[in-house]
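Trainee: Quick one: the structure is below, and I'll ask about it shortly.
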There are 2 protein chains.
Amino acid sequence: MDTRTRRQRADQRAADQRVADQRAAERESAVAPDQAEPLKLGTLDGHLGYFLRRLQISVFKDFIRTLAPMDVRPAQYSVLLLVEANPGRSQAAIGHALDIERARLARLLHGLEGRGWIERRAANGDGRSHSLYLTRAGEKALVRIKALAARHEAWLAETLGSKRRLLLLDHLKEFG
Amino acid sequence: MDTRTRRQRADQRAADQRVADQRAAERESAVAPDQAEPLKLGTLDGHLGYFLRRLQISVFKDFIRTLAPMDVRPAQYSVLLLVEANPGRSQAAIGHALDIERARLARLLHGLEGRGWIERRAANGDGRSHSLYLTRAGEKALVRIKALAARHEAWLAETLGSKRRLLLLDHLKEFG
């Protein structure tokens, strides 16, 4: 009979998996030993877009991982923050500010409405235009979401160094 | 009878469409005058990822527009440059360096092979592993592609200022 706790067995399974993964990686690198030598970047080395994209991808990966407990993606987060900072503004204004095209924003808002976080009210005297507001539940959720987002930002400061993070923020804002 | 050429009629239709679009935009802004006032960013203002993403999107837009005459996308360009700088390296090594997952890289290479720019040769004594090389046609195409990419990079220097472009390049490379 296995006398270990459920937690101990789970830990053991995780450890076994790590060993198996490592062995698989070793087999793979035995097949393609050239992977060990780093590749030359060549002309890529002079392209800002390449390095921008790499950092942006790892930043988004960490954001999504860190916000997983609230299941919030970067674009949803941006919309929540803009609605919070600009209650009553139109869907079109939010979409324009975030450069999200109309159909994608509609889907995104539909999801946030479904979670009870956002409310669309018909703008005065106009059935076609809608003003956006956070609901009470949305405000509450946003408190928890922001706490996770702050953790992500702290990871970023640690990864880049706080000084470099601020320097990048300053320079990138010029084109925000 | 309409005596205009087909080209003249097409130009007229395009001009009519522009007028219609503009009128629709005016109606929309009359409906939602709030679009004129800029939105507050609120908490977004402190998130590096937001500004990184905005710049990355405009950089990629300009890249795609500038490279349109050669119909080359950023990921294809990166692969071509890495194969140029590292002839004979494996598909796995290129994918690993660029962080492109296996299936996507396979499709991408298939496209570049189809255009006659890249060649896959079975690596010595291993049917499963392939070494990548530029073809003669690939080298020729890359001369033209690089000239366009240099034009894109010049636009970037103009947009950001040369000093800021170099500063960002330096700092972002730390995490390349």
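The way I read the labels, and the way they are meant: chains A, B, ... in the order of the structure tokens, residue 1 as the first residue of every chain, and ligand 1 as the first ligand shown, with later ones counted on from there.
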Return as a ChimeraX atom specification the full set of residues in stretch 58-169 of chain A whose backbone-based DSSP assignment is strand (DSSP E).
Mentor: /A:118-122,130-134
Trainee: Okay, now the selection with C-alpha atoms, as a short mmCIF file (atom, residue, chain, number, x, y, z; two decimals), in the first residue's frame?
Mentor:
data_model
loop_
_atom_site.label_atom_id
_atom_site.label_comp_id
_atom_site.auth_asym_id
_atom_site.auth_seq_id
_atom_site.Cartn_x
_atom_site.Cartn_y
_atom_site.Cartn_z
CA ILE A 118 -18.63 45.78 -18.00
CA GLU A 119 -21.92 47.40 -18.83
CA ARG A 120 -22.99 49.03 -22.08
CA ARG A 121 -25.64 51.74 -21.83
CA ALA A 122 -27.28 53.30 -24.87
CA HIS A 130 -23.05 52.84 -26.44
CA SER A 131 -21.32 54.22 -23.39
CA LEU A 132 -19.12 51.85 -21.40
CA TYR A 133 -18.94 51.52 -17.63
CA LEU A 134 -17.38 49.13 -15.15
#
Trainee: Quick one: residues within 8 Å of A:Ile64, only C-alpha atoms, excluding same-chain residues fewer than 6 positions away - as a PDB file with C-alpha atoms, in the first residue's frame?
Mentor:
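Output file around10.pdb follows:
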ATOM      1  CA  ASP A  71      -7.913  34.572 -16.817  1.00  0.00           C
ATOM      2  CA  VAL A  72      -7.283  38.018 -18.275  1.00  0.00           C
ATOM      3  CA  ARG A  73      -5.381  38.688 -21.508  1.00  0.00           C
ATOM      4  CA  PRO A  74      -3.450  41.874 -22.289  1.00  0.00           C
TER       5      PRO A  74
END
Trainee: Which residues of chain A are close to chain B, meaning at most 8 Å apart when you count only C-alpha atoms, and how do they look as a ChimeraX atom specification?
Mentor: /A:31-32,34-35,38-44,46-49,51-56,59-60,78,81-82,84-86,89-90,92-94,97,126,129,153,164-165,168-169,171-173,175-176
Trainee: I need the residues of stretch 32-167 of chain A that end up classed as alpha helix (DSSP H) by DSSP on the backbone, written out as a VMD selection string.
Mentor: chain A and resid 48 to 66 74 to 85 91 to 98 102 to 114 136 to 160 162 to 167
Trainee: Keeping only C-alpha atoms, write the selected residues to a file as a short mmCIF file (atom, residue, chain, number, x, y, z; two decimals), in the first residue's frame.
Mentor:
data_model
loop_
_atom_site.label_atom_id
_atom_site.label_comp_id
_atom_site.auth_asym_id
_atom_site.auth_seq_id
_atom_site.Cartn_x
_atom_site.Cartn_y
_atom_site.Cartn_z
CA LEU A 48 15.27 47.17 -33.83
CA GLY A 49 12.02 45.42 -34.75
CA TYR A 50 13.57 42.01 -34.11
CA PHE A 51 14.62 42.87 -30.56
CA LEU A 52 11.39 44.78 -29.86
CA ARG A 53 9.37 41.75 -30.87
CA ARG A 54 11.44 39.35 -28.74
CA LEU A 55 11.03 41.42 -25.59
CA GLN A 56 7.35 42.05 -26.33
CA ILE A 57 6.72 38.31 -26.66
CA SER A 58 8.38 37.45 -23.35
CA VAL A 59 6.63 40.33 -21.61
CA PHE A 60 3.24 39.14 -22.89
CA LYS A 61 4.05 35.55 -21.91
CA ASP A 62 4.78 36.61 -18.36
CA PHE A 63 1.70 38.82 -18.27
CA ILE A 64 -0.58 35.98 -19.39
CA ARG A 65 1.06 33.55 -16.95
CA THR A 66 0.83 35.99 -14.03
CA PRO A 74 -3.45 41.87 -22.29
CA ALA A 75 -6.11 43.39 -24.58
CA GLN A 76 -8.89 42.73 -22.04
CA TYR A 77 -6.78 44.35 -19.34
CA SER A 78 -6.20 47.45 -21.49
CA VAL A 79 -9.91 47.80 -22.16
CA LEU A 80 -10.80 47.44 -18.47
CA LEU A 81 -8.26 50.11 -17.52
CA LEU A 82 -9.43 52.55 -20.19
CA VAL A 83 -13.08 52.11 -19.22
CA GLU A 84 -12.10 52.63 -15.59
CA ALA A 85 -10.19 55.82 -16.39
CA GLN A 91 -17.00 51.87 -27.69
CA ALA A 92 -15.61 53.68 -30.74
CA ALA A 93 -13.46 55.97 -28.58
CA ILE A 94 -11.98 53.03 -26.65
CA GLY A 95 -11.32 51.08 -29.84
CA HIS A 96 -9.70 54.09 -31.43
CA ALA A 97 -7.43 54.77 -28.44
CA LEU A 98 -6.28 51.14 -28.29
CA ARG A 102 -14.38 47.18 -34.39
CA ALA A 103 -15.32 43.48 -34.68
CA ARG A 104 -12.52 42.34 -32.38
CA LEU A 105 -13.48 44.94 -29.77
CA ALA A 106 -17.13 43.87 -29.96
CA ARG A 107 -16.13 40.24 -29.21
CA LEU A 108 -13.87 41.36 -26.41
CA LEU A 109 -16.56 43.53 -24.79
CA HIS A 110 -19.09 40.76 -25.20
CA GLY A 111 -16.78 38.53 -23.14
CA LEU A 112 -16.30 41.17 -20.44
CA GLU A 113 -20.05 41.78 -20.31
CA GLY A 114 -20.62 38.04 -19.99
CA ARG A 136 -19.46 47.00 -9.25
CA ALA A 137 -18.24 43.42 -9.86
CA GLY A 138 -15.89 44.76 -12.54
CA GLU A 139 -14.40 47.25 -10.08
CA LYS A 140 -13.86 44.49 -7.55
CA ALA A 141 -12.29 42.16 -10.10
CA LEU A 142 -10.04 44.96 -11.30
CA VAL A 143 -8.58 45.38 -7.80
CA ARG A 144 -7.37 41.77 -7.92
CA ILE A 145 -6.32 42.02 -11.56
CA LYS A 146 -4.24 45.13 -10.90
CA ALA A 147 -2.50 43.40 -7.99
CA LEU A 148 -1.42 40.60 -10.35
CA ALA A 149 -0.43 43.10 -13.04
CA ALA A 150 1.74 44.90 -10.48
CA ARG A 151 3.46 41.57 -9.80
CA HIS A 152 4.12 41.20 -13.53
CA GLU A 153 5.55 44.71 -13.65
CA ALA A 154 7.80 43.88 -10.69
CA TRP A 155 9.09 40.81 -12.55
CA LEU A 156 9.85 43.12 -15.46
CA ALA A 157 11.78 45.52 -13.23
CA GLU A 158 13.75 42.58 -11.90
CA THR A 159 14.41 41.15 -15.37
CA LEU A 160 15.41 44.44 -16.99
CA SER A 162 14.46 49.05 -12.54
CA LYS A 163 16.52 51.79 -14.15
CA ARG A 164 16.39 50.21 -17.58
CA ARG A 165 12.67 49.52 -17.23
CA LEU A 166 12.02 53.21 -16.53
CA LEU A 167 14.33 54.32 -19.31
#
Trainee: What's the separation between atom CA of B:Gly116 and atom CA of B:Thr135, in Å to one decimal place?
Mentor: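 Here the two named atoms are 7.0 Å from each other.
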